[in-house]
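Asks: Structure file final03.txt (compact mmCIF, C-alpha atoms and all ligand atoms) is given on the next line.
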```txt
# COMPACT_ATOMS: atom_id res chain seq x y z
CA MET A 27 0.00 0.00 0.00
CA LYS A 28 1.41 3.36 -1.08
CA ASN A 29 2.12 5.92 1.60
CA THR A 30 1.24 8.92 -0.53
CA PRO A 31 -1.58 11.11 0.87
CA ILE A 32 -4.94 9.32 0.72
CA ILE A 33 -7.38 11.62 -1.06
CA ALA A 34 -10.89 11.47 0.47
CA LEU A 35 -13.27 11.32 -2.49
CA ASP A 36 -16.15 12.89 -0.58
CA PHE A 37 -18.24 13.57 -3.68
CA HIS A 38 -21.90 12.86 -4.31
CA SER A 39 -21.55 11.10 -7.66
CA ALA A 40 -19.26 9.00 -9.83
CA GLU A 41 -19.38 11.76 -12.42
CA LYS A 42 -18.02 14.38 -9.99
CA THR A 43 -15.44 11.87 -8.74
CA PHE A 44 -13.99 11.08 -12.16
CA GLU A 45 -14.10 14.72 -13.21
CA PHE A 46 -11.95 15.46 -10.13
CA LEU A 47 -9.60 12.50 -10.79
CA SER A 48 -9.03 13.52 -14.39
CA ALA A 49 -6.44 16.01 -13.11
CA PHE A 50 -4.43 13.13 -11.58
CA ASP A 51 -2.68 10.13 -13.03
CA GLY A 52 -3.82 6.76 -11.64
CA ASP A 53 -0.94 6.64 -9.19
CA VAL A 54 -2.75 8.14 -6.19
CA HIS A 55 -4.30 6.52 -3.16
CA VAL A 56 -8.00 7.31 -2.76
CA LYS A 57 -10.65 6.86 -0.10
CA VAL A 58 -14.28 6.02 -0.82
CA GLY A 59 -16.44 6.97 2.14
CA MET A 60 -20.10 6.62 2.99
CA GLN A 61 -21.40 9.44 0.79
CA LEU A 62 -19.96 8.12 -2.47
CA TYR A 63 -20.43 4.44 -1.62
CA TYR A 64 -24.09 4.81 -0.62
CA LYS A 65 -24.75 6.71 -3.84
CA GLU A 66 -22.81 4.59 -6.31
CA GLY A 67 -22.42 1.21 -4.57
CA PRO A 68 -19.74 -1.41 -5.27
CA ALA A 69 -19.50 -0.33 -8.93
CA ILE A 70 -17.49 2.79 -8.03
CA VAL A 71 -15.02 0.66 -6.09
CA SER A 72 -14.58 -1.82 -8.97
CA ARG A 73 -14.06 1.03 -11.41
CA LEU A 74 -11.38 2.65 -9.28
CA LYS A 75 -9.61 -0.68 -8.79
CA GLU A 76 -9.74 -1.42 -12.53
CA LEU A 77 -8.11 1.96 -13.14
CA GLY A 78 -5.27 1.00 -10.81
CA TYR A 79 -6.01 3.15 -7.75
CA ASP A 80 -5.15 1.98 -4.23
CA VAL A 81 -8.54 2.15 -2.48
CA PHE A 82 -9.38 2.69 1.18
CA LEU A 83 -13.04 1.74 1.58
CA ASP A 84 -14.05 3.75 4.64
CA LEU A 85 -17.40 2.39 5.85
CA LYS A 86 -16.54 2.33 9.59
CA LEU A 87 -18.45 -0.83 10.43
CA HIS A 88 -19.84 -1.04 13.99
CA ASP A 89 -22.37 -3.79 14.76
CA ILE A 90 -22.61 -7.17 16.45
CA PRO A 91 -19.70 -9.49 15.64
CA ASN A 92 -21.68 -11.83 13.39
CA THR A 93 -23.02 -8.99 11.23
CA VAL A 94 -19.61 -7.34 10.90
CA LYS A 95 -18.00 -10.66 10.03
CA SER A 96 -20.52 -11.31 7.22
CA ALA A 97 -20.23 -7.76 5.89
CA MET A 98 -16.43 -7.97 5.85
CA GLU A 99 -16.62 -11.24 3.95
CA VAL A 100 -18.50 -9.34 1.22
CA LEU A 101 -16.12 -6.34 1.26
CA ALA A 102 -13.08 -8.63 0.96
CA GLY A 103 -14.39 -9.69 -2.46
CA PHE A 104 -14.13 -6.08 -3.74
CA GLY A 105 -10.33 -6.27 -3.86
CA VAL A 106 -9.83 -3.04 -1.91
CA ASP A 107 -6.59 -2.32 -0.05
CA LEU A 108 -7.81 -0.96 3.28
CA VAL A 109 -11.06 -1.17 5.29
CA ASN A 110 -12.07 -0.05 8.78
CA VAL A 111 -14.30 -0.68 11.79
CA HIS A 112 -14.99 1.36 14.93
CA ALA A 113 -12.74 0.04 17.71
CA ALA A 114 -15.56 0.92 20.15
CA GLY A 115 -17.39 -2.10 18.71
CA GLY A 116 -15.07 -4.17 20.89
CA LYS A 117 -12.42 -6.83 20.62
CA ALA A 118 -14.80 -9.66 19.66
CA MET A 119 -16.25 -7.53 16.86
CA MET A 120 -12.79 -6.65 15.54
CA GLU A 121 -11.70 -10.31 15.63
CA ALA A 122 -14.89 -11.23 13.76
CA ALA A 123 -14.15 -8.54 11.16
CA LEU A 124 -10.73 -10.05 10.58
CA GLU A 125 -12.21 -13.55 10.30
CA GLY A 126 -14.72 -12.30 7.72
CA LEU A 127 -11.97 -10.65 5.69
CA ASP A 128 -9.83 -13.78 5.76
CA LYS A 129 -12.80 -15.88 4.67
CA GLY A 130 -13.86 -13.52 1.87
CA THR A 131 -10.45 -12.82 0.35
CA PRO A 132 -10.18 -14.84 -2.88
CA SER A 133 -7.32 -17.34 -2.80
CA GLY A 134 -4.10 -15.96 -4.19
CA HIS A 135 -5.16 -12.40 -3.29
CA LYS A 136 -3.90 -10.24 -0.44
CA ARG A 137 -6.33 -9.63 2.42
CA PRO A 138 -7.26 -5.93 2.72
CA ALA A 139 -5.53 -4.27 5.67
CA LEU A 140 -7.96 -3.67 8.55
CA ILE A 141 -7.78 -0.69 10.88
CA GLY A 142 -9.84 0.43 13.87
CA VAL A 143 -11.16 3.97 14.28
CA THR A 144 -10.18 5.11 17.80
CA GLN A 145 -11.76 8.50 18.50
CA LEU A 146 -12.90 10.47 15.45
CA THR A 147 -10.80 13.52 14.67
CA SER A 148 -13.98 15.60 15.06
CA THR A 149 -14.05 14.63 18.77
CA ASP A 150 -12.45 16.67 21.56
CA ASP A 151 -11.79 16.15 25.26
CA ARG A 152 -15.11 17.68 26.31
CA GLN A 153 -17.11 15.26 24.18
CA VAL A 154 -15.20 12.28 25.52
CA ARG A 155 -15.92 13.44 29.09
CA GLU A 156 -19.45 14.80 28.79
CA GLU A 157 -21.03 12.85 25.91
CA GLN A 158 -19.23 9.50 26.08
CA LEU A 159 -18.88 9.62 29.90
CA ILE A 160 -15.29 8.38 29.58
CA ASN A 161 -13.32 9.50 32.61
CA VAL A 162 -9.86 9.58 31.05
CA ALA A 163 -8.19 12.11 28.78
CA LEU A 164 -9.01 11.73 25.08
CA ARG A 165 -5.40 10.78 24.37
CA ASP A 166 -5.59 7.90 26.84
CA SER A 167 -8.88 6.75 25.35
CA VAL A 168 -7.27 6.72 21.88
CA LEU A 169 -4.26 4.81 23.20
CA HIS A 170 -6.55 2.29 24.91
CA TYR A 171 -8.47 1.69 21.66
CA ALA A 172 -5.18 1.35 19.76
CA GLN A 173 -3.96 -1.33 22.17
CA LEU A 174 -7.33 -3.12 22.02
CA THR A 175 -7.17 -3.00 18.22
CA LYS A 176 -3.68 -4.44 18.24
CA SER A 177 -4.67 -7.19 20.68
CA ALA A 178 -7.49 -8.16 18.28
CA GLY A 179 -4.87 -8.67 15.55
CA LEU A 180 -5.74 -5.69 13.34
CA ASP A 181 -3.15 -3.89 11.22
CA GLY A 182 -3.50 -0.45 12.73
CA VAL A 183 -5.75 2.44 13.64
CA VAL A 184 -7.27 5.68 12.49
CA CYS A 185 -6.26 8.38 14.97
CA SER A 186 -5.25 12.02 14.88
CA VAL A 187 -1.65 13.14 14.42
CA HIS A 188 -1.68 14.18 18.10
CA GLU A 189 -1.73 10.51 19.15
CA SER A 190 0.57 9.00 16.49
CA ALA A 191 3.76 9.18 18.57
CA VAL A 192 2.32 7.58 21.68
CA ILE A 193 0.70 4.84 19.59
CA GLN A 194 3.96 4.23 17.77
CA GLU A 195 5.71 3.86 21.11
CA ALA A 196 3.09 1.41 22.41
CA CYS A 197 2.24 -0.55 19.26
CA GLY A 198 5.36 -0.26 17.09
CA THR A 199 6.33 1.35 13.80
CA GLU A 200 4.70 -1.37 11.65
CA PHE A 201 1.28 -0.74 13.21
CA LEU A 202 -0.58 1.62 10.83
CA LYS A 203 -1.36 5.12 12.09
CA VAL A 204 -3.75 6.53 9.47
CA THR A 205 -4.38 10.17 10.29
CA PRO A 206 -7.17 12.41 8.91
CA GLY A 207 -7.74 16.00 10.08
CA ILE A 208 -4.88 17.23 7.90
CA ARG A 209 -4.79 20.93 7.14
CA LEU A 210 -2.28 23.33 5.61
CA SER A 211 -1.25 25.97 8.15
CA ASP A 212 -3.52 28.57 6.51
CA GLY A 213 -6.43 26.19 5.85
CA GLY A 214 -9.96 26.13 7.33
CA VAL A 215 -10.67 23.75 10.23
CA HIS A 216 -14.31 22.91 9.27
CA ASP A 217 -15.86 20.26 11.53
CA GLN A 218 -12.52 18.78 12.64
CA LYS A 219 -11.17 19.24 16.18
CA ARG A 220 -7.78 17.48 16.22
CA ILE A 221 -6.01 18.85 13.17
CA ALA A 222 -2.36 18.94 12.10
CA THR A 223 -0.21 19.79 9.10
CA PRO A 224 1.40 17.16 6.82
CA GLU A 225 4.86 17.91 8.34
CA GLU A 226 3.51 17.41 11.85
CA ALA A 227 2.07 14.07 10.73
CA ARG A 228 5.44 12.93 9.36
CA LEU A 229 7.32 14.02 12.48
CA ALA A 230 4.78 12.36 14.80
CA GLY A 231 5.13 8.96 13.09
CA SER A 232 1.85 8.76 11.16
CA THR A 233 2.16 6.06 8.48
CA HIS A 234 -0.54 7.59 6.24
CA ILE A 235 -2.44 10.87 5.99
CA VAL A 236 -6.03 11.26 4.77
CA VAL A 237 -6.81 14.56 3.09
CA GLY A 238 -10.18 15.70 1.82
CA ARG A 239 -11.20 19.33 1.62
CA ALA A 240 -7.65 20.76 1.64
CA ILE A 241 -7.34 19.12 -1.79
CA THR A 242 -10.89 18.69 -3.12
CA GLY A 243 -11.87 22.25 -2.13
CA ALA A 244 -8.70 23.88 -3.49
CA VAL A 245 -8.79 26.14 -6.53
CA ASP A 246 -6.13 23.89 -8.07
CA PRO A 247 -6.54 20.42 -6.46
CA ARG A 248 -3.53 18.94 -8.25
CA ALA A 249 -1.24 21.74 -6.99
CA ALA A 250 -2.66 21.36 -3.46
CA TYR A 251 -1.99 17.60 -3.63
CA GLU A 252 1.60 18.14 -4.79
CA GLU A 253 2.21 20.68 -2.02
CA ILE A 254 0.78 18.37 0.65
CA ASN A 255 2.70 15.36 -0.70
CA ALA A 256 5.98 17.32 -0.67
CA LEU A 257 5.39 18.50 2.92
CA TRP A 258 4.41 14.97 3.99
CA LYS A 259 7.50 13.45 2.40
CA GLY A 260 9.78 16.18 3.78
CA LEU A 261 10.81 17.29 0.28
CA VAL A 262 10.38 21.01 1.00
O1 LIG B 301 -11.91 7.04 8.87
C1 LIG B 301 -11.71 8.16 8.37
O2 LIG B 301 -11.25 8.25 7.23
C2 LIG B 301 -11.90 9.34 9.21
C3 LIG B 301 -11.77 9.16 10.58
C4 LIG B 301 -11.70 10.26 11.43
O3 LIG B 301 -11.51 10.13 12.64
N1 LIG B 301 -11.82 11.50 10.90
C5 LIG B 301 -12.02 11.72 9.56
O4 LIG B 301 -12.10 12.89 9.15
N2 LIG B 301 -12.12 10.64 8.71
C6 LIG B 301 -12.40 10.86 7.28
O5 LIG B 301 -11.34 11.61 6.69
C7 LIG B 301 -11.82 12.59 5.77
C8 LIG B 301 -11.37 13.95 6.23
O6 LIG B 301 -11.83 14.92 5.35
P1 LIG B 301 -11.35 16.43 5.44
O7 LIG B 301 -11.67 16.93 6.81
O8 LIG B 301 -12.15 17.10 4.37
O9 LIG B 301 -9.86 16.41 5.17
C9 LIG B 301 -13.34 12.42 5.71
O10 LIG B 301 -13.65 11.63 4.58
C10 LIG B 301 -13.68 11.67 6.99
O11 LIG B 301 -14.78 10.79 6.79
```
If you took the structure in this file and wrote it as structure tokens, what would it be?
Ligand SMILES: O=C(O)c1cc(=O)[nH]c(=O)n1[C@@H]1O[C@H](COP(=O)(O)O)[C@@H](O)[C@H]1O

Replies:
Amino acid sequence: MKNTPIIALDFHSAEKTFEFLSAFDGDVHVKVGMQLYYKEGPAIVSRLKELGYDVFLDLKLHDIPNTVKSAMEVLAGFGVDLVNVHAAGGKAMMEAALEGLDKGTPSGHKRPALIGVTQLTSTDDRQVREEQLINVALRDSVLHYAQLTKSAGLDGVVCSVHESAVIQEACGTEFLKVTPGIRLSDGGVHDQKRIATPEEARLAGSTHIVVGRAITGAVDPRAAYEEINALWKGLV
């Protein structure tokens, strides 16, 4: 799996998506989230794979173990590179997700990597305390979910850049730290709470960055991508 920035294709149609991608060669890593998947279904995923894109299918499954296992068995057949579940679904659910993926991956193919979402990057300390009634700091809650995810045998987590270093220390460099909430220093925050720049992500030990609006909302998305990629790789 490439470690170039993962572009979040948060568009409402295949038409908009391919219009956007026409400015790029096929050598980028893309994310299909709920909006695009619910609109276009598995066909959009197959099309992107046929065109050679690395695909993160971000559906954040969270249900009883049996349901998640069956759903993952289906998703494994799509040939995507990366899928996710909510770590809050628990260890048994994450183990079931992995079992489903193993079962559904066609023989001779590589199983998609599986990561657990810890605390969404739109969450802050107050929400953890007052809405989730979790009596530890957000950072400790994220670390706890990362360790739970690792103990279930998953390949890594989704977290913010602010937790990448502590997760690297606890779970190792191989454990994926996929970090959304990426903004350029002069960019808008939108609905995100735990944001960071591409350089901060690199220095903190993130293994991947996920970038949506800083690229898709830019006047020149290709130039924004190149700038973010260069900052992420430490080339500027
Ligand atoms: O799993 C994700 O990709 C995800 C997890 C998370 O904690 N925060 C988060 O923003 N995301 C996704 O990452 C993308 C971020 O988009 P921007 O805020 O526009 O860069 C969106 O597609 C979100 O669905």

Asks: If you measure from CA of Met98 (chain A) to CA of Ser39 (chain A), what distance in Å do you get, rounded to one decimal?

Replies: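 Interatomic distance, CA of Met98 (chain A) to CA of Ser39 (chain A): 23.9 Å.
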
Asks: Residues contacting ligand LIG 301 (chain B) - anything with an atom at most 10 Å away, using only C-alpha atoms and all ligand atoms - can you give me those as number ranges by chain?

Replies: A: 32-37, 57-61, 82-86, 109-112, 141-149, 183-186, 204-209, 214-221, 235-243

Asks: Excluding Ala123 (chain A) and its own-chain neighbours fewer than 6 positions away, which residues fall within 9 Å of it when counting only C-alpha atoms? Please give them as a PyMOL selection string.

Replies: chain A and resi 87+91-99+111+140

Asks: Compare A:Ser190, A:Gln173, A:Thr233, A:Thr30 by their minimum atom-to-atom distance to Leu202 (chain A), counting only C-alpha atoms, and give me the closest one.

Replies: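 Residue with the minimum atom-to-atom distance to Leu202 (chain A): A:Thr233.
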
Asks: Rounded to one decimal, what separation in Å do you get between CA of Val187 (chain A) and CA of Pro224 (chain A)?

Replies: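 If I compute the distance from CA of Val187 (chain A) to CA of Pro224 (chain A), I get 9.1 Å.
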
Asks: Could you tell me which of A:Gly130, A:Pro138, A:Gly260, A:Gly116 comes closest to Asp181 (chain A) if we count all atoms listed in the file?

Replies: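 Looking only at the distances to Asp181 (chain A), the closest residue turns out to be A:Pro138.
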
Asks: Edge lengths and centre, in Å to one decimal, as JSON: that's what I need for the box along x, y and z that holds all listed atoms of region 194-197 of chain A plus 6 Å on each side.

Replies:
```
{"center_x": 4.0, "center_y": 1.8, "center_z": 20.1, "size_x": 15.5, "size_y": 16.8, "size_z": 16.6}
```

Asks: From the list A:Thr223, A:Lys176, A:Phe46, A:Leu164, which residue is nearest Glu200 (chain A) when using all atoms listed in the file?

Replies: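 Once distances to Glu200 (chain A) are computed over all atoms listed in the file, the minimum belongs to A:Lys176.
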
Asks: Excluding Ser133 (chain A) and any residue of its chain fewer than 6 positions from it, enumerate the residues within 12 Å of it, using all atoms listed in the file, and give them as a tab-separated table (two decimals) with C-alpha atoms, keeping the file's coordinate frame.

Replies:
```
chain	number	residue	atom	x	y	z
A	102	ALA	CA	-13.08	-8.63	0.96
A	103	GLY	CA	-14.39	-9.69	-2.46
A	105	GLY	CA	-10.33	-6.27	-3.86
A	127	LEU	CA	-11.97	-10.65	5.69
```

Asks: Report the distance between CA of Glu66 (chain A) and CA of Lys42 (chain A) in Å, rounded to one decimal place.

Replies: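 Between these atoms lies a distance of 11.5 Å.
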
Asks: Take region 126-217 of chain A from the preceding structure and save C-alpha atoms as a short mmCIF file (atom, residue, chain, number, x, y, z; two decimals), in the first residue's frame.

Replies:
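Written file, result.cif:
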```cif
data_model
loop_
_atom_site.label_atom_id
_atom_site.label_comp_id
_atom_site.auth_asym_id
_atom_site.auth_seq_id
_atom_site.Cartn_x
_atom_site.Cartn_y
_atom_site.Cartn_z
CA GLY A 126 -14.72 -12.30 7.72
CA LEU A 127 -11.97 -10.65 5.69
CA ASP A 128 -9.83 -13.78 5.76
CA LYS A 129 -12.80 -15.88 4.67
CA GLY A 130 -13.86 -13.52 1.87
CA THR A 131 -10.45 -12.82 0.35
CA PRO A 132 -10.18 -14.84 -2.88
CA SER A 133 -7.32 -17.34 -2.80
CA GLY A 134 -4.10 -15.96 -4.19
CA HIS A 135 -5.16 -12.40 -3.29
CA LYS A 136 -3.90 -10.24 -0.44
CA ARG A 137 -6.33 -9.63 2.42
CA PRO A 138 -7.26 -5.93 2.72
CA ALA A 139 -5.53 -4.27 5.67
CA LEU A 140 -7.96 -3.67 8.55
CA ILE A 141 -7.78 -0.69 10.88
CA GLY A 142 -9.84 0.43 13.87
CA VAL A 143 -11.16 3.97 14.28
CA THR A 144 -10.18 5.11 17.80
CA GLN A 145 -11.76 8.50 18.50
CA LEU A 146 -12.90 10.47 15.45
CA THR A 147 -10.80 13.52 14.67
CA SER A 148 -13.98 15.60 15.06
CA THR A 149 -14.05 14.63 18.77
CA ASP A 150 -12.45 16.67 21.56
CA ASP A 151 -11.79 16.15 25.26
CA ARG A 152 -15.11 17.68 26.31
CA GLN A 153 -17.11 15.26 24.18
CA VAL A 154 -15.20 12.28 25.52
CA ARG A 155 -15.92 13.44 29.09
CA GLU A 156 -19.45 14.80 28.79
CA GLU A 157 -21.03 12.85 25.91
CA GLN A 158 -19.23 9.50 26.08
CA LEU A 159 -18.88 9.62 29.90
CA ILE A 160 -15.29 8.38 29.58
CA ASN A 161 -13.32 9.50 32.61
CA VAL A 162 -9.86 9.58 31.05
CA ALA A 163 -8.19 12.11 28.78
CA LEU A 164 -9.01 11.73 25.08
CA ARG A 165 -5.40 10.78 24.37
CA ASP A 166 -5.59 7.90 26.84
CA SER A 167 -8.88 6.75 25.35
CA VAL A 168 -7.27 6.72 21.88
CA LEU A 169 -4.26 4.81 23.20
CA HIS A 170 -6.55 2.29 24.91
CA TYR A 171 -8.47 1.69 21.66
CA ALA A 172 -5.18 1.35 19.76
CA GLN A 173 -3.96 -1.33 22.17
CA LEU A 174 -7.33 -3.12 22.02
CA THR A 175 -7.17 -3.00 18.22
CA LYS A 176 -3.68 -4.44 18.24
CA SER A 177 -4.67 -7.19 20.68
CA ALA A 178 -7.49 -8.16 18.28
CA GLY A 179 -4.87 -8.67 15.55
CA LEU A 180 -5.74 -5.69 13.34
CA ASP A 181 -3.15 -3.89 11.22
CA GLY A 182 -3.50 -0.45 12.73
CA VAL A 183 -5.75 2.44 13.64
CA VAL A 184 -7.27 5.68 12.49
CA CYS A 185 -6.26 8.38 14.97
CA SER A 186 -5.25 12.02 14.88
CA VAL A 187 -1.65 13.14 14.42
CA HIS A 188 -1.68 14.18 18.10
CA GLU A 189 -1.73 10.51 19.15
CA SER A 190 0.57 9.00 16.49
CA ALA A 191 3.76 9.18 18.57
CA VAL A 192 2.32 7.58 21.68
CA ILE A 193 0.70 4.84 19.59
CA GLN A 194 3.96 4.23 17.77
CA GLU A 195 5.71 3.86 21.11
CA ALA A 196 3.09 1.41 22.41
CA CYS A 197 2.24 -0.55 19.26
CA GLY A 198 5.36 -0.26 17.09
CA THR A 199 6.33 1.35 13.80
CA GLU A 200 4.70 -1.37 11.65
CA PHE A 201 1.28 -0.74 13.21
CA LEU A 202 -0.58 1.62 10.83
CA LYS A 203 -1.36 5.12 12.09
CA VAL A 204 -3.75 6.53 9.47
CA THR A 205 -4.38 10.17 10.29
CA PRO A 206 -7.17 12.41 8.91
CA GLY A 207 -7.74 16.00 10.08
CA ILE A 208 -4.88 17.23 7.90
CA ARG A 209 -4.79 20.93 7.14
CA LEU A 210 -2.28 23.33 5.61
CA SER A 211 -1.25 25.97 8.15
CA ASP A 212 -3.52 28.57 6.51
CA GLY A 213 -6.43 26.19 5.85
CA GLY A 214 -9.96 26.13 7.33
CA VAL A 215 -10.67 23.75 10.23
CA HIS A 216 -14.31 22.91 9.27
CA ASP A 217 -15.86 20.26 11.53
#
```
